[in-house]
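Take a look at the structure set out below.
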Amino acid sequence: MKYFALFGNPVSHSISPRLHNSALQGLGLNGVYGRILLEQGSDIIAKFKKYNLSGANITVPFKESVLTLCDELDTVAADIGSINTLINQNGKIKGYNTDAPGFMMAIAEFGKINKALILGAGGTAKALAYILASNGVQVHILNRSNKKDQFINYQFYTHSNFTCENYDLVINTTSAGLCSDELPCDEMILKDIFANSKFAFDVIYNKLTPFLSLARKMGLKSKDGKDMLLYQAVLAFNLFYSNKFSTDKITKLMHKAFEL
């Protein structure tokens with residue numbers, strides 16, 4: 001029996017166990033995937049070993065705190081500075097990031113993106129900024145507090161010095177709207193942004209957040225984070241099993257879990 005889990009706070013809302021257990025069962029594998037609520041990121045590796053996990057995923061707010069705790073980092077995860085997947089490789093814990101490629105798969109239907117604005121400056125924002133820039137997209141960051149030193153390769157704004165430009169894509173990576181009716185930034189700022197944008201994407205899934213609701217009212221084509229969740233999970237699952245399964249088959253099995 002292999003054991004897998006999701007670390008985060010909160011985790012009770014997550015359907016990641018449903019996705020991974022669907023794939024485990026569909027492929028006839030002897031494994032189970034659960035949730036582990038954490039109070040502090042420094043406990044992740046200790047908990048990983050305590051529960052004898054073969055692999056794990058990490059959600060907010062711990063995607064950055066585990067960076068220095070891993071025995072080894074995948075090159076992409078190290079470049080991003082954020083981890084969402086842990087693998088036990090012969091007793092050593094290696095960190096990966098599947099958020100970035102999963103996101104690109106999720107926004108493929110939007111077509112060509114030249115400039116994007118990311119709201120938020122956490123681990124997910126780092127992953128998306130990295131992968132967008134790697135694909136030739138000009139990336140701007142807007143956050144409540146100043147974390148410019150963590151985004152030195154991008155144009156960084158706080159709410160007090162933001163100057164709106166034309167954006168193809170606006171992405172909410174904050175938790176605003178997950179458990180409340182909060183917007184990721186001031187409503188007037190967001191309306192100005194949407195008035196000069198084409199597409200909106202919220203990493204929060206299976207919920208019409210205030211961010212998405214406003215985007216749709218203003219005529220933007222939009223998506224929630226369901227497909228990103230699906231694709232990052234597919235990629236993570238395959239890492240758990242050394243990439244020996246068909247991505248298409250895992251995707252079909254996990255997609256069924258959304259219908260439950």
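Here, A, B, ... name the chains of the structure tokens in the order displayed, residue numbers run from 1 inside each chain, and ligands are numbered from 1 in the same displayed order.
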*asked:* Using DSSP secondary structure from the backbone, list all strand (DSSP E or B) positions within stretch 20-254 of chain A, as a ChimeraX atom specification.
replied: /A:31-37,55-58,72-73,85-89,92-96,115-119,138-143,155-158,167-172,197-202,221-223
Can I get the residues of stretch 109-215 of chain A within 8 Å of stretch 76-90 of chain A, each with the closest pair of atoms and their distance in Å to one decimal, using only C-alpha atoms, sorted chain first then ascending number, as JSON lines?
{"residue": "A:Gly123", "atom": "CA", "partner": "A:Ser82", "partner_atom": "CA", "distance": 5.1}
{"residue": "A:Thr124", "atom": "CA", "partner": "A:Ser82", "partner_atom": "CA", "distance": 7.3}
{"residue": "A:Lys126", "atom": "CA", "partner": "A:Ile80", "partner_atom": "CA", "distance": 5.9}
{"residue": "A:Ala127", "atom": "CA", "partner": "A:Ile80", "partner_atom": "CA", "distance": 5.5}
{"residue": "A:Tyr130", "atom": "CA", "partner": "A:Ile80", "partner_atom": "CA", "distance": 6.0}
Hey, could you make a per-residue contact list for stretch 40-124 of chain A against stretch 188-207 of chain A with 12 Å as the cut-off, showing the nearest pair of atoms and its distance in Å to one decimal, counting only C-alpha atoms, sorted by chain and number, as a Markdown table?
| residue | atom | partner | partner_atom | distance |
| --- | --- | --- | --- | --- |
| A:Thr59 | CA | A:Val203 | CA | 11.5 |
| A:Val60 | CA | A:Ile204 | CA | 11.3 |
| A:Asp99 | CA | A:Val203 | CA | 10.1 |
| A:Ala100 | CA | A:Val203 | CA | 11.7 |
| A:Gly102 | CA | A:Val203 | CA | 11.2 |
| A:Phe103 | CA | A:Val203 | CA | 8.9 |
| A:Met104 | CA | A:Phe201 | CA | 11.5 |
| A:Ala106 | CA | A:Phe201 | CA | 9.6 |
| A:Ile107 | CA | A:Phe201 | CA | 8.2 |
| A:Ala108 | CA | A:Phe199 | CA | 11.9 |
| A:Glu109 | CA | A:Phe199 | CA | 10.6 |
| A:Phe110 | CA | A:Phe199 | CA | 7.4 |
| A:Gly111 | CA | A:Phe199 | CA | 10.2 |
| A:Lys112 | CA | A:Phe199 | CA | 11.0 |
| A:Ile113 | CA | A:Phe199 | CA | 9.4 |
| A:Asn114 | CA | A:Lys198 | CA | 11.1 |
| A:Lys115 | CA | A:Ser197 | CA | 9.6 |
| A:Ala116 | CA | A:Ser197 | CA | 9.0 |
| A:Leu117 | CA | A:Ile193 | CA | 8.9 |
| A:Ile118 | CA | A:Phe201 | CA | 9.6 |
| A:Leu119 | CA | A:Asp202 | CA | 9.6 |
| A:Gly120 | CA | A:Val203 | CA | 11.1 |
| A:Thr124 | CA | A:Val203 | CA | 8.7 |
Would you kindly return, as a list in words, each protein, DNA or RNA residue with an atom no farther than 8 Å from any atom of stretch 4-13 of chain A, considering only C-alpha atoms and excluding same-chain residues fewer than 3 positions away?
Ser16, Pro17, Gly31, Val32, Tyr33, Gly34, Arg35, Ile36, Leu37, Leu38, Glu39, Ile44, Leu53, Ser54, Gly55, Ala56, Asn57, Ile58, Thr59, Val60, Pro61 and Phe62 of chain A
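Rounded to one decimal, atom CA of A:Phe156 and atom CA of A:Ala121 lie 9.5 Å from each other.
Remark: for A:Lys50, the closest of the candidate residues A:Tyr3, A:Lys256, A:Asp224, A:Asn153 is A:Tyr3 (distances computed over only C-alpha atoms).
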Q: Go through A:Lys223, A:His140, A:Phe151, A:Gly122 and flag the residue nearest A:Thr173, using only C-alpha atoms for the distances.
A: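 Once distances to A:Thr173 are computed over only C-alpha atoms, the minimum belongs to A:Gly122.
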* To do: Any chance you could list, as a list of chain:residue names, the residues in stretch 124-186 of chain A that come up alpha helix (DSSP H) when DSSP is run on the backbone?
  => A:Thr124, A:Ala125, A:Lys126, A:Ala127, A:Leu128, A:Ala129, A:Tyr130, A:Ile131, A:Leu132, A:Ala133, A:Ser134
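Minimum atom-to-atom distance to A:Gly225, evaluated using only C-alpha atoms, belongs to A:Met105 out of A:Lys148, A:Lys94, A:Met105, A:Cys179.
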Handout entry: Within 7 Å of A:Thr98 using only C-alpha atoms, minus same-chain residues under 6 positions, as a count of residues only
Key = 4
Which residue out of A:Lys226, A:Lys49, A:His159, A:Lys252 has the minimum interatomic distance to A:Ile141 when only C-alpha atoms are used?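 Among the listed residues, the smallest separation from A:Ile141 belongs to A:His159.
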- Hey, can you check how far atom CA of A:Gly91 sits from atom CA of A:Met1?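 Calculated distance between atom CA of A:Gly91 and atom CA of A:Met1 is 16.6 Å.
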Leaving out A:Glu182 and any residue of its chain fewer than 2 positions from it, which residues lie within 12 Å of it when counting only C-alpha atoms, given as a list in words?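 Surrounding residues, per the criterion: Asn172, Thr174, Ser175, Ala176, Gly177, Leu178, Cys179, Ser180, Pro184, Cys185, Asp186, Glu187, Thr209, Pro210, Phe211, Leu212, Ser213 and Leu214 of chain A.
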Please produce an output containing N, CA and C atoms for each residue in the selection, written as a JSON list (two decimals), in the first residue's frame.
[["chain", "number", "residue", "atom", "x", "y", "z"],
["A", 172, "ASN", "N", -6.32, 35.80, -10.85],
["A", 172, "ASN", "CA", -6.38, 35.92, -9.40],
["A", 172, "ASN", "C", -5.73, 34.70, -8.77],
["A", 174, "THR", "N", -4.88, 34.93, -5.40],
["A", 174, "THR", "CA", -5.11, 35.12, -3.97],
["A", 174, "THR", "C", -6.25, 34.21, -3.51],
["A", 175, "SER", "N", -6.45, 34.14, -2.20],
["A", 175, "SER", "CA", -7.55, 33.34, -1.65],
["A", 175, "SER", "C", -8.84, 34.14, -1.53],
["A", 176, "ALA", "N", -8.82, 35.39, -1.99],
["A", 176, "ALA", "CA", -10.01, 36.24, -1.93],
["A", 176, "ALA", "C", -11.15, 35.60, -2.72],
["A", 177, "GLY", "N", -12.26, 35.39, -2.05],
["A", 177, "GLY", "CA", -13.41, 34.77, -2.69],
["A", 177, "GLY", "C", -13.55, 33.30, -2.37],
["A", 178, "LEU", "N", -12.54, 32.71, -1.75],
["A", 178, "LEU", "CA", -12.61, 31.29, -1.41],
["A", 178, "LEU", "C", -13.63, 31.03, -0.30],
["A", 179, "CYS", "N", -13.54, 31.83, 0.76],
["A", 179, "CYS", "CA", -14.44, 31.64, 1.89],
["A", 179, "CYS", "C", -15.21, 32.92, 2.23],
["A", 180, "SER", "N", -15.19, 33.89, 1.31],
["A", 180, "SER", "CA", -15.87, 35.16, 1.57],
["A", 180, "SER", "C", -16.27, 35.80, 0.25],
["A", 184, "PRO", "N", -9.93, 40.49, -4.78],
["A", 184, "PRO", "CA", -8.47, 40.50, -4.56],
["A", 184, "PRO", "C", -7.87, 41.89, -4.49],
["A", 185, "CYS", "N", -8.61, 42.91, -4.93],
["A", 185, "CYS", "CA", -8.16, 44.29, -4.80],
["A", 185, "CYS", "C", -9.39, 45.20, -4.81],
["A", 186, "ASP", "N", -9.17, 46.50, -4.64],
["A", 186, "ASP", "CA", -10.27, 47.45, -4.62],
["A", 186, "ASP", "C", -11.14, 47.32, -5.87],
["A", 187, "GLU", "N", -12.45, 47.39, -5.70],
["A", 187, "GLU", "CA", -13.38, 47.18, -6.82],
["A", 187, "GLU", "C", -13.15, 48.15, -7.96],
["A", 209, "THR", "N", -16.53, 33.08, -8.02],
["A", 209, "THR", "CA", -16.00, 34.05, -7.06],
["A", 209, "THR", "C", -16.43, 35.46, -7.45],
["A", 210, "PRO", "N", -16.37, 36.41, -6.52],
["A", 210, "PRO", "CA", -16.66, 37.81, -6.87],
["A", 210, "PRO", "C", -15.78, 38.31, -8.01],
["A", 211, "PHE", "N", -14.53, 37.84, -8.06],
["A", 211, "PHE", "CA", -13.61, 38.19, -9.13],
["A", 211, "PHE", "C", -14.15, 37.75, -10.48],
["A", 212, "LEU", "N", -14.57, 36.48, -10.58],
["A", 212, "LEU", "CA", -15.10, 35.96, -11.84],
["A", 212, "LEU", "C", -16.45, 36.57, -12.18],
["A", 213, "SER", "N", -17.26, 36.78, -11.16],
["A", 213, "SER", "CA", -18.58, 37.38, -11.39],
["A", 213, "SER", "C", -18.46, 38.76, -12.02],
["A", 214, "LEU", "N", -17.55, 39.58, -11.49],
["A", 214, "LEU", "CA", -17.34, 40.91, -12.04],
["A", 214, "LEU", "C", -16.77, 40.84, -13.45]]
*So, counting only C-alpha atoms, which residue among A:Ser14, A:Ser145, A:Asn21, A:Asn238 is closest to A:Leu253?*
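Result for the nearest residue to A:Leu253: A:Asn21.
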